[in-house]
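Engineer: Below is the file model-v1.cif, which contains mmCIF, C-alpha atoms and all ligand atoms.
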```cif
data_input
loop_
_atom_site.label_atom_id
_atom_site.label_comp_id
_atom_site.auth_asym_id
_atom_site.auth_seq_id
_atom_site.Cartn_x
_atom_site.Cartn_y
_atom_site.Cartn_z
CA MET A 1 0.00 0.00 0.00
CA HIS A 2 1.26 3.47 -0.86
CA ARG A 3 1.28 6.15 1.78
CA GLY A 4 -1.07 9.09 1.66
CA ALA A 5 -4.03 10.17 -0.36
CA VAL A 6 -4.46 10.64 -4.10
CA ALA A 7 -4.82 14.18 -5.43
CA GLU A 8 -6.73 14.17 -8.68
CA ILE A 9 -5.80 17.30 -10.60
CA ASN A 10 -8.18 18.50 -13.28
CA LEU A 11 -6.07 20.32 -15.87
CA SER A 12 -9.11 21.49 -17.81
CA ALA A 13 -10.24 23.32 -14.66
CA ILE A 14 -6.89 25.12 -14.66
CA ALA A 15 -7.36 26.03 -18.33
CA HIS A 16 -10.84 27.33 -17.52
CA ASN A 17 -9.51 29.44 -14.64
CA LEU A 18 -6.74 30.91 -16.82
CA GLU A 19 -9.37 31.80 -19.40
CA THR A 20 -11.40 33.50 -16.67
CA VAL A 21 -8.38 35.59 -15.64
CA LYS A 22 -7.71 36.53 -19.29
CA LYS A 23 -11.26 37.79 -19.72
CA ILE A 24 -11.14 39.83 -16.52
CA VAL A 25 -7.84 41.52 -17.38
CA GLN A 26 -8.71 41.93 -21.06
CA ASN A 27 -5.92 39.80 -22.41
CA ARG A 28 -3.04 41.43 -20.62
CA PRO A 29 0.00 39.16 -20.32
CA ILE A 30 -0.38 36.67 -17.48
CA ILE A 31 2.42 35.67 -15.15
CA SER A 32 1.12 32.37 -13.76
CA VAL A 33 2.38 31.73 -10.25
CA VAL A 34 3.38 28.06 -10.03
CA LYS A 35 5.56 28.23 -6.93
CA ALA A 36 5.27 25.60 -4.19
CA ASP A 37 4.71 22.91 -6.82
CA ALA A 38 1.89 24.95 -8.37
CA TYR A 39 0.19 25.36 -4.98
CA GLY A 40 0.42 21.59 -4.52
CA HIS A 41 -1.05 20.73 -7.94
CA GLY A 42 2.25 19.64 -9.56
CA SER A 43 4.23 22.40 -11.25
CA VAL A 44 5.42 20.50 -14.34
CA GLU A 45 2.01 19.30 -15.53
CA VAL A 46 0.25 22.52 -14.52
CA SER A 47 2.89 24.71 -16.22
CA LYS A 48 2.70 22.70 -19.44
CA LYS A 49 -1.07 23.17 -19.47
CA LEU A 50 -0.83 26.89 -18.69
CA ILE A 51 1.68 27.42 -21.49
CA LYS A 52 -0.52 25.51 -23.94
CA GLU A 53 -3.42 27.75 -22.92
CA GLY A 54 -1.46 30.94 -23.45
CA THR A 55 0.19 32.13 -20.24
CA SER A 56 3.01 34.54 -21.08
CA TYR A 57 5.26 33.78 -18.10
CA LEU A 58 5.61 31.36 -15.22
CA ALA A 59 6.71 32.54 -11.78
CA VAL A 60 8.35 30.41 -9.11
CA ALA A 61 9.79 31.25 -5.70
CA PHE A 62 13.27 29.71 -5.96
CA SER A 63 15.69 28.68 -8.70
CA SER A 64 15.38 24.98 -7.85
CA GLU A 65 11.71 25.14 -8.81
CA ALA A 66 12.59 26.77 -12.12
CA ILE A 67 15.28 24.17 -12.82
CA GLN A 68 12.71 21.42 -12.29
CA LEU A 69 10.58 23.03 -15.01
CA ARG A 70 13.54 23.44 -17.38
CA ASP A 71 14.53 19.79 -16.78
CA ALA A 72 11.01 18.82 -17.82
CA GLY A 73 11.58 20.58 -21.15
CA ILE A 74 9.72 23.81 -20.39
CA THR A 75 11.27 26.68 -22.35
CA ALA A 76 8.77 29.46 -21.49
CA PRO A 77 10.06 32.56 -19.67
CA ILE A 78 10.33 31.88 -15.94
CA ILE A 79 10.48 34.65 -13.34
CA VAL A 80 12.22 33.68 -10.07
CA LEU A 81 10.50 35.74 -7.40
CA PHE A 82 12.61 35.36 -4.27
CA ASP A 83 15.98 33.64 -4.81
CA SER A 84 19.09 35.67 -4.10
CA GLU A 85 21.49 32.78 -3.59
CA ASP A 86 21.55 30.55 -6.64
CA ILE A 87 22.72 33.26 -9.02
CA THR A 88 24.62 31.21 -11.59
CA SER A 89 21.44 29.23 -12.24
CA PHE A 90 19.77 32.43 -13.46
CA PHE A 91 22.27 32.43 -16.31
CA ASP A 92 22.63 28.69 -16.84
CA PHE A 93 18.88 28.09 -17.09
CA ASN A 94 17.86 31.31 -18.82
CA LEU A 95 15.74 32.58 -15.92
CA ILE A 96 14.46 36.05 -15.11
CA PRO A 97 15.47 36.89 -11.54
CA VAL A 98 13.64 39.44 -9.45
CA ILE A 99 16.18 41.68 -7.75
CA HIS A 100 15.01 42.73 -4.31
CA ASN A 101 18.22 44.01 -2.74
CA MET A 102 21.44 45.73 -3.78
CA ASN A 103 23.76 42.85 -2.87
CA THR A 104 21.99 40.53 -5.27
CA ALA A 105 22.11 43.19 -7.97
CA SER A 106 25.89 43.51 -7.55
CA ALA A 107 26.38 39.74 -7.51
CA ILE A 108 24.31 39.31 -10.68
CA SER A 109 26.26 42.06 -12.41
CA ARG A 110 29.59 40.49 -11.35
CA ILE A 111 28.66 37.09 -12.73
CA ALA A 112 27.31 38.67 -15.93
CA ARG A 113 30.68 40.39 -16.39
CA GLU A 114 32.57 37.17 -15.73
CA LYS A 115 30.42 35.36 -18.24
CA ARG A 116 30.65 38.29 -20.68
CA THR A 117 26.91 38.32 -21.06
CA SER A 118 23.89 40.24 -19.87
CA ILE A 119 20.69 39.21 -18.16
CA LYS A 120 17.15 40.54 -18.13
CA VAL A 121 15.85 41.17 -14.60
CA HIS A 122 12.77 42.47 -12.87
CA VAL A 123 13.17 44.69 -9.82
CA LYS A 124 10.91 44.45 -6.81
CA ILE A 125 10.02 47.46 -4.74
CA ASP A 126 8.47 47.26 -1.30
CA THR A 127 5.46 49.57 -1.46
CA GLY A 128 4.11 48.45 1.91
CA MET A 129 4.06 44.66 2.12
CA GLY A 130 7.11 44.79 4.39
CA ARG A 131 8.59 41.57 3.08
CA LEU A 132 11.01 41.83 0.16
CA GLY A 133 11.96 44.67 -2.14
CA LEU A 134 13.94 47.88 -2.40
CA SER A 135 12.63 50.47 0.01
CA GLY A 136 13.51 53.58 2.01
CA THR A 137 14.82 56.95 0.94
CA SER A 138 17.62 55.47 -1.18
CA LEU A 139 15.13 53.58 -3.37
CA PRO A 140 15.15 55.94 -6.39
CA GLU A 141 18.98 56.11 -6.42
CA ASP A 142 19.24 52.35 -5.92
CA LEU A 143 17.06 51.77 -8.93
CA VAL A 144 19.19 54.06 -11.05
CA LYS A 145 22.35 52.35 -9.79
CA ILE A 146 20.99 48.93 -10.77
CA SER A 147 20.00 50.23 -14.18
CA LYS A 148 23.61 51.32 -14.72
CA MET A 149 25.19 48.06 -13.60
CA GLU A 150 27.04 46.27 -16.34
CA GLY A 151 25.32 43.09 -17.58
CA ILE A 152 21.94 43.97 -16.07
CA GLU A 153 18.96 44.93 -18.16
CA ILE A 154 15.90 45.97 -16.15
CA CYS A 155 12.83 44.81 -18.06
CA GLY A 156 10.29 44.60 -15.25
CA LEU A 157 9.22 46.49 -12.16
CA MET A 158 6.99 44.83 -9.60
CA SER A 159 5.55 45.01 -6.12
CA HIS A 160 3.17 42.93 -4.01
CA PHE A 161 -0.02 43.83 -2.13
CA SER A 162 -0.39 43.22 1.56
CA ASP A 163 -4.17 43.19 1.80
CA ALA A 164 -5.82 43.53 -1.59
CA ASP A 165 -8.37 40.98 -0.34
CA LEU A 166 -9.93 43.50 2.07
CA SER A 167 -13.04 45.45 1.15
CA ASP A 168 -11.28 48.51 2.59
CA ARG A 169 -9.19 49.56 -0.39
CA SER A 170 -7.22 52.32 1.34
CA TYR A 171 -3.93 50.49 1.97
CA ALA A 172 -3.93 48.83 -1.46
CA LEU A 173 -4.51 52.24 -3.04
CA PHE A 174 -1.67 53.70 -0.99
CA GLN A 175 0.63 50.90 -2.23
CA LEU A 176 -0.44 51.42 -5.84
CA GLU A 177 0.14 55.16 -5.65
CA ARG A 178 3.59 54.59 -4.21
CA PHE A 179 4.32 52.18 -7.03
CA HIS A 180 3.29 54.76 -9.65
CA THR A 181 5.43 57.48 -8.07
CA ILE A 182 8.52 55.26 -8.07
CA LYS A 183 7.79 53.98 -11.55
CA GLU A 184 7.53 57.49 -12.98
CA GLY A 185 10.87 58.38 -11.42
CA ILE A 186 12.65 55.39 -12.87
CA PHE A 187 11.05 55.62 -16.29
CA LYS A 188 12.88 58.93 -16.74
CA SER A 189 16.25 57.29 -16.30
CA ILE A 190 15.79 53.88 -17.92
CA LYS A 191 15.54 53.27 -21.61
CA GLY A 192 13.62 50.37 -23.11
CA THR A 193 10.31 48.78 -22.20
CA ILE A 194 9.57 47.85 -18.64
CA LEU A 195 6.79 45.45 -17.74
CA THR A 196 5.04 46.62 -14.58
CA HIS A 197 3.06 44.16 -12.42
CA ILE A 198 1.54 44.10 -8.96
CA ALA A 199 -1.86 42.35 -9.16
CA ASN A 200 -2.35 39.03 -7.36
CA SER A 201 -5.68 37.16 -7.46
CA ALA A 202 -7.38 39.50 -4.99
CA ALA A 203 -6.43 42.56 -7.05
CA ILE A 204 -7.43 40.84 -10.30
CA LEU A 205 -10.87 40.22 -8.84
CA THR A 206 -11.50 43.64 -7.35
CA PHE A 207 -8.98 46.28 -8.33
CA GLY A 208 -8.88 47.14 -12.03
CA ALA A 209 -6.55 50.10 -11.48
CA ALA A 210 -3.84 47.64 -10.41
CA TYR A 211 -3.73 45.55 -13.60
CA LEU A 212 -0.84 47.62 -15.04
CA ASP A 213 1.03 45.82 -17.87
CA ALA A 214 0.67 42.25 -16.60
CA VAL A 215 -0.99 40.36 -13.75
CA ARG A 216 0.32 37.65 -11.40
CA PRO A 217 -2.42 35.24 -10.38
CA GLY A 218 -1.83 32.22 -8.21
CA LEU A 219 -4.80 30.99 -6.19
CA MET A 220 -7.39 31.84 -8.86
CA LEU A 221 -5.72 29.53 -11.35
CA TYR A 222 -6.34 26.66 -8.97
CA GLY A 223 -10.04 27.50 -8.68
CA TYR A 224 -10.37 29.51 -5.49
CA SER A 225 -10.84 33.17 -4.75
CA PRO A 226 -8.99 34.77 -1.86
CA LEU A 227 -12.23 36.68 -1.23
CA GLN A 228 -14.22 33.74 -0.10
CA HIS A 229 -17.59 35.32 -0.55
CA SER A 230 -17.14 36.75 -4.04
CA ALA A 231 -19.22 34.17 -5.83
CA LEU A 232 -19.44 36.39 -8.92
CA ILE A 233 -16.68 34.67 -10.82
CA SER A 234 -16.88 31.13 -12.11
CA LEU A 235 -13.74 29.40 -10.93
CA MET A 236 -13.33 25.63 -10.98
CA PRO A 237 -11.39 24.01 -8.13
CA ALA A 238 -8.77 21.81 -9.78
CA MET A 239 -7.84 19.51 -6.89
CA LYS A 240 -9.79 16.58 -5.49
CA VAL A 241 -8.18 14.58 -2.70
CA LYS A 242 -9.41 11.08 -2.11
CA THR A 243 -8.54 7.95 -0.23
CA ARG A 244 -10.15 4.56 0.51
CA ILE A 245 -11.52 3.03 3.68
CA LEU A 246 -8.77 0.88 5.18
CA THR A 247 -11.01 -0.97 7.57
CA ILE A 248 -14.45 -0.72 9.20
CA ARG A 249 -14.97 -1.60 12.85
CA ASN A 250 -18.25 -2.21 14.67
CA LEU A 251 -17.75 -0.78 18.13
CA PRO A 252 -19.97 -0.67 21.22
CA PRO A 253 -21.28 2.48 22.96
CA ASN A 254 -19.00 4.31 25.39
CA LEU A 255 -15.81 3.41 23.59
CA PRO A 256 -13.16 6.14 23.26
CA ILE A 257 -11.75 6.70 19.78
CA SER A 258 -8.14 7.73 19.12
CA TYR A 259 -5.55 9.65 21.17
CA GLY A 260 -6.77 11.63 24.13
CA ARG A 261 -10.25 10.01 24.11
CA THR A 262 -11.77 13.19 22.65
CA PHE A 263 -14.61 11.23 21.04
CA ILE A 264 -16.63 8.53 22.81
CA THR A 265 -19.15 6.44 20.91
CA ARG A 266 -22.67 7.21 22.07
CA ARG A 267 -24.25 4.19 20.39
CA GLN A 268 -23.31 0.99 18.65
CA SER A 269 -21.07 2.53 15.96
CA LYS A 270 -19.54 1.73 12.61
CA ILE A 271 -16.16 3.47 12.57
CA GLY A 272 -14.15 3.69 9.34
CA ILE A 273 -10.39 4.03 9.48
CA LEU A 274 -8.75 6.06 6.70
CA PRO A 275 -5.08 5.58 5.78
CA VAL A 276 -4.41 9.34 5.83
CA GLY A 277 -3.21 11.52 8.69
CA TYR A 278 -1.51 14.77 9.49
CA ALA A 279 1.73 13.49 7.97
CA ASP A 280 -0.21 13.49 4.69
CA GLY A 281 -1.21 17.13 5.04
CA TYR A 282 -4.60 16.48 6.68
CA SER A 283 -4.25 18.91 9.57
CA ARG A 284 -4.70 17.67 13.12
CA LEU A 285 -6.74 20.85 13.67
CA LEU A 286 -9.49 19.12 11.67
CA SER A 287 -9.91 16.52 14.44
CA ASN A 288 -13.56 16.13 15.50
CA SER A 289 -14.58 18.89 13.09
CA ALA A 290 -14.01 18.07 9.42
CA GLU A 291 -16.37 16.04 7.31
CA VAL A 292 -15.57 13.74 4.39
CA LEU A 293 -17.75 12.43 1.58
CA VAL A 294 -18.65 8.76 1.38
CA LYS A 295 -21.25 7.54 -1.12
CA GLY A 296 -21.97 11.21 -1.85
CA ARG A 297 -22.90 11.95 1.77
CA ARG A 298 -21.16 13.89 4.53
CA VAL A 299 -19.60 11.81 7.28
CA PRO A 300 -17.87 13.29 10.34
CA VAL A 301 -14.24 12.85 11.32
CA VAL A 302 -14.26 11.55 14.90
CA GLY A 303 -11.47 11.63 17.45
CA ARG A 304 -8.04 13.07 16.91
CA ILE A 305 -6.44 12.81 13.50
CA CYS A 306 -3.26 10.74 13.90
CA MET A 307 -0.01 10.83 11.96
CA ASP A 308 -1.11 8.17 9.45
CA LEU A 309 -4.78 7.46 10.23
CA THR A 310 -8.12 9.23 10.56
CA MET A 311 -11.36 7.85 11.96
CA ILE A 312 -14.81 8.60 10.49
CA ASP A 313 -18.25 7.73 11.81
CA LEU A 314 -20.05 5.59 9.23
CA THR A 315 -22.89 4.52 11.52
CA ASP A 316 -25.54 6.30 9.43
CA THR A 317 -24.02 5.37 6.06
CA GLU A 318 -25.58 2.40 4.35
CA ASP A 319 -23.95 -0.04 1.93
CA VAL A 320 -20.45 1.01 2.75
CA SER A 321 -17.55 -1.40 2.48
CA GLU A 322 -13.83 -1.46 3.13
CA GLY A 323 -12.02 -0.08 0.05
CA ASP A 324 -14.80 2.41 -0.79
CA GLU A 325 -13.71 5.84 -1.97
CA VAL A 326 -13.65 8.71 0.53
CA VAL A 327 -13.28 12.31 -0.64
CA ILE A 328 -11.57 14.61 1.79
CA LEU A 329 -11.41 17.61 -0.57
CA GLY A 330 -13.55 18.13 -3.64
CA GLU A 331 -16.77 16.75 -5.07
CA GLN A 332 -18.51 13.45 -4.71
CA GLY A 333 -22.14 12.98 -5.75
CA ASN A 334 -23.92 16.28 -5.35
CA ASP A 335 -21.83 17.60 -2.51
CA ALA A 336 -18.34 19.06 -2.18
CA ILE A 337 -15.82 19.71 0.57
CA THR A 338 -14.08 22.94 -0.40
CA ALA A 339 -10.72 24.28 0.64
CA TYR A 340 -12.61 27.22 2.21
CA GLU A 341 -14.49 24.82 4.47
CA LEU A 342 -11.34 22.98 5.57
CA ALA A 343 -9.49 26.28 5.97
CA ASP A 344 -12.20 27.68 8.25
CA LYS A 345 -12.11 24.56 10.39
CA ALA A 346 -8.31 24.43 10.54
CA LYS A 347 -8.09 28.20 11.18
CA THR A 348 -6.05 28.81 8.07
CA ILE A 349 -6.46 29.86 4.42
CA PRO A 350 -7.26 27.81 1.30
CA TYR A 351 -3.64 28.30 0.14
CA GLU A 352 -2.36 26.21 3.04
CA ILE A 353 -5.00 23.50 2.59
CA LEU A 354 -4.06 23.10 -1.10
CA THR A 355 -0.30 23.16 -0.62
CA SER A 356 -0.43 20.79 2.37
CA LEU A 357 -2.74 18.19 0.91
CA GLY A 358 -1.37 18.52 -2.62
CA SER A 359 2.28 18.26 -1.71
CA HIS A 360 1.75 15.10 0.32
CA SER A 361 -0.52 13.25 -2.11
CA ARG A 362 0.20 11.09 -5.13
CA LYS A 363 -1.06 12.95 -8.15
CA GLN A 364 -3.27 11.80 -10.98
CA TYR A 365 -4.05 14.15 -13.83
CA ILE A 366 -7.24 14.38 -15.79
CA ASP A 367 -7.75 16.58 -18.80
CA VAL A 368 -11.20 16.40 -20.27
CA GLN A 369 -10.22 18.27 -23.45
CA THR A 370 -7.34 16.05 -24.46
CA ASP A 371 -8.12 12.65 -22.90
C1 LIG B 1 5.08 37.77 -5.22
C2 LIG B 1 3.79 37.06 -5.43
N1 LIG B 1 3.07 37.37 -6.51
C3 LIG B 1 1.87 36.77 -6.76
C4 LIG B 1 1.37 35.81 -5.90
C5 LIG B 1 0.05 35.18 -6.20
O1 LIG B 1 -0.90 35.49 -5.21
P1 LIG B 1 -2.33 34.83 -5.21
O2 LIG B 1 -2.14 33.38 -5.04
O3 LIG B 1 -3.03 35.46 -4.05
O4 LIG B 1 -2.95 35.17 -6.52
C6 LIG B 1 2.10 35.47 -4.76
C7 LIG B 1 1.57 34.47 -3.84
O5 LIG B 1 1.88 34.29 -2.72
C8 LIG B 1 3.35 36.11 -4.52
O6 LIG B 1 4.08 35.83 -3.43
#
```
Translate the structure described by the file into structure tokens.
Structural biologist:
Amino acid sequence: MHRGAVAEINLSAIAHNLETVKKIVQNRPIISVVKADAYGHGSVEVSKKLIKEGTSYLAVAFSSEAIQLRDAGITAPIIVLFDSEDITSFFDFNLIPVIHNMNTASAISRIAREKRTSIKVHVKIDTGMGRLGLSGTSLPEDLVKISKMEGIEICGLMSHFSDADLSDRSYALFQLERFHTIKEGIFKSIKGTILTHIANSAAILTFGAAYLDAVRPGLMLYGYSPLQHSALISLMPAMKVKTRILTIRNLPPNLPISYGRTFITRRQSKIGILPVGYADGYSRLLSNSAEVLVKGRRVPVVGRICMDLTMIDLTDTEDVSEGDEVVILGEQGNDAITAYELADKAKTIPYEILTSLGSHSRKQYIDVQTD
């Protein structure tokens, strides 16, 4: 038996979601964010599909993720958002690094000189996210300095929103205004075209003024909105996570289930054991609160989720047998467990549900259009 659950990834859903983004942003170039193994969906397969469907760029967090895509034969432009260490790989694998500090800029320029070549880069400015990017009073001079460094060609300018998912737009507007001010300053001193981008999924959904030259969606591509209650847009969740019932036990009333005895059977009970636990990305915070789908019906998780096993109460489920399919995320019959639902119960966000479950599960791909 293999460990963990199976994540079924629907590539046509990803194509549909990309199409939805394209329509919203009126065919601006799309930088598809496929970091963290495409939010747990498998970056190679997802990237191939996104390229086929017309994404202009891919974006990853670190060089190693980009190299994995290059090794899989992907030749599309790849932007490396955060890496400042693996600089030779930027050259060796034809990547577009994002420069977010002066040391990295100098190191890139030095290696470009050594290699007698030049490299296209994007520069990140911190407009208020407080994470990465050039900032402070030296920012305008720093940008000019980078633009004059030998071997470096600035072809993009970017920033990232801190809270574009809030209905209160004031901070996002402040960040956008800052971005424009800095951009206008730099455009005076840099020749050539510069692609500006700042919009993540939340901004794509609600903040047209932030579309700029290109947009950078992540979560939307995988079928979820960061604004949980914006049901206006038709997105299709691409990940379904399923397992099978390992064993079914008939247990008497008053029997404690799992560590800590947090659930005690109240009646003669039929308890199903699932071969999936928190080591497979099914958070222990879902103990005694999540539901799964069996035979198209909701069934509660009972007792604490263990490292490798989870217990469900099948007492009210008829015709259920060992080996039957159990859906822990996604649709079965007429019902669905969404990443929003699991995120609420685990006190987190859909991003973490997808990356945790996806990265620990064996993947199967379906593609309705090409199968
Ligand atoms: C720099 C950057 N751009 C874009 C994105 C995509 O954001 P989202 O998944 O909310 O669309 C992320 C995600 O974390 C990011 O870090």
Engineer: Atom CA of A:Ser159 to atom CA of A:Ile125: how many Å, to one decimal?
Structural biologist: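 It comes out at 5.3 Å.
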Engineer: Go through A:Met220, A:Leu309, A:Leu11, A:Ala61 one by one, measure the shortest atom-to-atom distance of each to A:Leu95 using all atoms listed in the file, and give the residue with the smallest value.
Structural biologist: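 Nearest candidate to A:Leu95 out of A:Met220, A:Leu309, A:Leu11, A:Ala61: A:Ala61.
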Engineer: Taking all atoms listed in the file into account, which of A:Val121, A:Ile245, A:Ala107, A:Leu285 comes nearest A:Ala343?
Structural biologist: A:Leu285
Engineer: With 7 Å as the cut-off and only C-alpha atoms and all ligand atoms counted, what is the closest atom pair between each nearby residue of chain A and ligand LIG 1 (chain B)? Distances in Å to one decimal, ordered by chain and number, as JSON lines.
Structural biologist:
```
{"residue": "A:Val33", "atom": "CA", "partner": "B:LIG1", "partner_atom": "C5", "distance": 5.8}
{"residue": "A:Leu81", "atom": "CA", "partner": "B:LIG1", "partner_atom": "C1", "distance": 6.2}
{"residue": "A:His160", "atom": "CA", "partner": "B:LIG1", "partner_atom": "C1", "distance": 5.6}
{"residue": "A:Asn200", "atom": "CA", "partner": "B:LIG1", "partner_atom": "O4", "distance": 4.0}
{"residue": "A:Ser201", "atom": "CA", "partner": "B:LIG1", "partner_atom": "O4", "distance": 3.5}
{"residue": "A:Ala202", "atom": "CA", "partner": "B:LIG1", "partner_atom": "O3", "distance": 6.0}
{"residue": "A:Arg216", "atom": "CA", "partner": "B:LIG1", "partner_atom": "C3", "distance": 5.0}
{"residue": "A:Pro217", "atom": "CA", "partner": "B:LIG1", "partner_atom": "O4", "distance": 3.9}
{"residue": "A:Gly218", "atom": "CA", "partner": "B:LIG1", "partner_atom": "O2", "distance": 3.4}
{"residue": "A:Leu219", "atom": "CA", "partner": "B:LIG1", "partner_atom": "O2", "distance": 3.8}
{"residue": "A:Met220", "atom": "CA", "partner": "B:LIG1", "partner_atom": "O4", "distance": 6.0}
{"residue": "A:Pro226", "atom": "CA", "partner": "B:LIG1", "partner_atom": "O3", "distance": 6.4}
```
Engineer: Mind pulling up the distance from atom CA of A:Glu53 to atom CA of A:Leu18?
Structural biologist: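 Answer for the atom CA of A:Leu18 to atom CA of A:Glu53 separation: 7.6 Å.
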Engineer: Hey, what's within 8 Å of A:Leu246 if we count all atoms listed in the file and toss same-chain stuff fewer than 5 positions away? As a ChimeraX atom specification, please?
Structural biologist: /A:272-275,322-323
Engineer: Just checking: using all atoms listed in the file, which residue out of A:Ala76, A:Ile30, A:Ala38, A:Ile305 ends up closest to A:Met239?
Structural biologist: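 So, comparing all the options, the nearest one is A:Ala38.
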Engineer: Find the spatial neighbours of A:Ser269, counting all atoms listed in the file, within a cut-off of 12 Å - ignore same-chain residues fewer than 2 positions away - and output them as a ChimeraX atom specification.
Structural biologist: /A:248-257,263-267,271-272,302,311-317
Engineer: For A:Arg178, find every residue with an atom within 10 Å (counting only C-alpha atoms), except residues of its own chain fewer than 2 positions away, and show them as a list in words.
Structural biologist: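 Answer for this query is Ile125, Asp126, Thr127, Gly128, Ser159, Ala172, Leu173, Phe174, Gln175, Leu176, His180, Thr181, Ile182 and Lys183 of chain A.
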Engineer: Save out the residues we just selected, C-alpha atoms, as a short mmCIF file (atom, residue, chain, number, x, y, z; two decimals), keeping the file's coordinate frame.
Structural biologist:
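Listing of part_12.cif after writing:
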```
data_model
loop_
_atom_site.label_atom_id
_atom_site.label_comp_id
_atom_site.auth_asym_id
_atom_site.auth_seq_id
_atom_site.Cartn_x
_atom_site.Cartn_y
_atom_site.Cartn_z
CA ILE A 125 10.02 47.46 -4.74
CA ASP A 126 8.47 47.26 -1.30
CA THR A 127 5.46 49.57 -1.46
CA GLY A 128 4.11 48.45 1.91
CA SER A 159 5.55 45.01 -6.12
CA ALA A 172 -3.93 48.83 -1.46
CA LEU A 173 -4.51 52.24 -3.04
CA PHE A 174 -1.67 53.70 -0.99
CA GLN A 175 0.63 50.90 -2.23
CA LEU A 176 -0.44 51.42 -5.84
CA HIS A 180 3.29 54.76 -9.65
CA THR A 181 5.43 57.48 -8.07
CA ILE A 182 8.52 55.26 -8.07
CA LYS A 183 7.79 53.98 -11.55
#
```
Engineer: Neighbours of A:Leu50 within 12 Å (all atoms listed in the file; same-chain residues fewer than 2 positions away dropped), as a PyMOL selection string?
Structural biologist: chain A and resi 11-19+21-22+30-34+38+43-48+52-59+74+76+217-218+221-222
Engineer: Could you please take those selected residues and save C-alpha atoms as an mmCIF file, in the frame of the given file?
Structural biologist:
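The result, stored in out.cif:
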```cif
data_model
loop_
_atom_site.group_PDB
_atom_site.id
_atom_site.type_symbol
_atom_site.label_atom_id
_atom_site.label_comp_id
_atom_site.auth_asym_id
_atom_site.auth_seq_id
_atom_site.Cartn_x
_atom_site.Cartn_y
_atom_site.Cartn_z
ATOM 1 C CA LEU A 11 -6.070 20.320 -15.870
ATOM 2 C CA SER A 12 -9.110 21.490 -17.810
ATOM 3 C CA ALA A 13 -10.240 23.320 -14.660
ATOM 4 C CA ILE A 14 -6.890 25.120 -14.660
ATOM 5 C CA ALA A 15 -7.360 26.030 -18.330
ATOM 6 C CA HIS A 16 -10.840 27.330 -17.520
ATOM 7 C CA ASN A 17 -9.510 29.440 -14.640
ATOM 8 C CA LEU A 18 -6.740 30.910 -16.820
ATOM 9 C CA GLU A 19 -9.370 31.800 -19.400
ATOM 10 C CA VAL A 21 -8.380 35.590 -15.640
ATOM 11 C CA LYS A 22 -7.710 36.530 -19.290
ATOM 12 C CA ILE A 30 -0.380 36.670 -17.480
ATOM 13 C CA ILE A 31 2.420 35.670 -15.150
ATOM 14 C CA SER A 32 1.120 32.370 -13.760
ATOM 15 C CA VAL A 33 2.380 31.730 -10.250
ATOM 16 C CA VAL A 34 3.380 28.060 -10.030
ATOM 17 C CA ALA A 38 1.890 24.950 -8.370
ATOM 18 C CA SER A 43 4.230 22.400 -11.250
ATOM 19 C CA VAL A 44 5.420 20.500 -14.340
ATOM 20 C CA GLU A 45 2.010 19.300 -15.530
ATOM 21 C CA VAL A 46 0.250 22.520 -14.520
ATOM 22 C CA SER A 47 2.890 24.710 -16.220
ATOM 23 C CA LYS A 48 2.700 22.700 -19.440
ATOM 24 C CA LYS A 52 -0.520 25.510 -23.940
ATOM 25 C CA GLU A 53 -3.420 27.750 -22.920
ATOM 26 C CA GLY A 54 -1.460 30.940 -23.450
ATOM 27 C CA THR A 55 0.190 32.130 -20.240
ATOM 28 C CA SER A 56 3.010 34.540 -21.080
ATOM 29 C CA TYR A 57 5.260 33.780 -18.100
ATOM 30 C CA LEU A 58 5.610 31.360 -15.220
ATOM 31 C CA ALA A 59 6.710 32.540 -11.780
ATOM 32 C CA ILE A 74 9.720 23.810 -20.390
ATOM 33 C CA ALA A 76 8.770 29.460 -21.490
ATOM 34 C CA PRO A 217 -2.420 35.240 -10.380
ATOM 35 C CA GLY A 218 -1.830 32.220 -8.210
ATOM 36 C CA LEU A 221 -5.720 29.530 -11.350
ATOM 37 C CA TYR A 222 -6.340 26.660 -8.970
#
```
Engineer: Go through A:Lys35, A:Arg169, A:Lys345, A:His41 and flag the residue nearest A:Val301, using all atoms listed in the file for the distances.
Structural biologist: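 Checking each candidate against A:Val301, we get A:Lys345 as the closest.
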Engineer: Kindly give the distance, in Å, that separates atom CA of A:Val215 and atom CA of A:Leu357, rounded to a single decimal.
Structural biologist: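 Spanning atom CA of A:Val215 to atom CA of A:Leu357 is a straight-line distance of 26.6 Å.
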Engineer: Enclose all atoms of stretch 277-288 of chain A listed in the file in an axis-aligned box, grow every side by 8 Å, and hand back centre and edge lengths in Å to one decimal, as lines of an AutoDock Vina configuration file.
Structural biologist:
```
center_x = -5.9
center_y = 16.2
center_z = 10.1
size_x = 31.3
size_y = 25.3
size_z = 26.8
```
Engineer: Is there a way to get, as number ranges by chain, all residues within 10 Å of the point (18.0, 36.0, -14.5) in file coordinates, counting all atoms listed in the file?
Structural biologist: A: 63, 78-80, 87-99, 108, 112, 118-122, 152-153
Engineer: Residues at most 12 Å from A:Ile353, counting all atoms listed in the file, excluding those fewer than 6 positions away in the same chain, as a ChimeraX atom specification?
Structural biologist: /A:39-41,219,224,239-241,278,280-283,285-286,328-330,337-347,359-360
Engineer: Between A:Ala105, A:Met129, A:Leu157, A:Leu166, which one has atoms that come closest to A:Glu184, using all atoms listed in the file?
Structural biologist: A:Leu157
Engineer: Closest to A:Asn27 among A:Asp213, A:Asp83, A:Glu141, A:Glu177, using all atoms listed in the file?
Structural biologist: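 Among A:Asp213, A:Asp83, A:Glu141, A:Glu177, it is A:Asp213 that comes nearest to A:Asn27.
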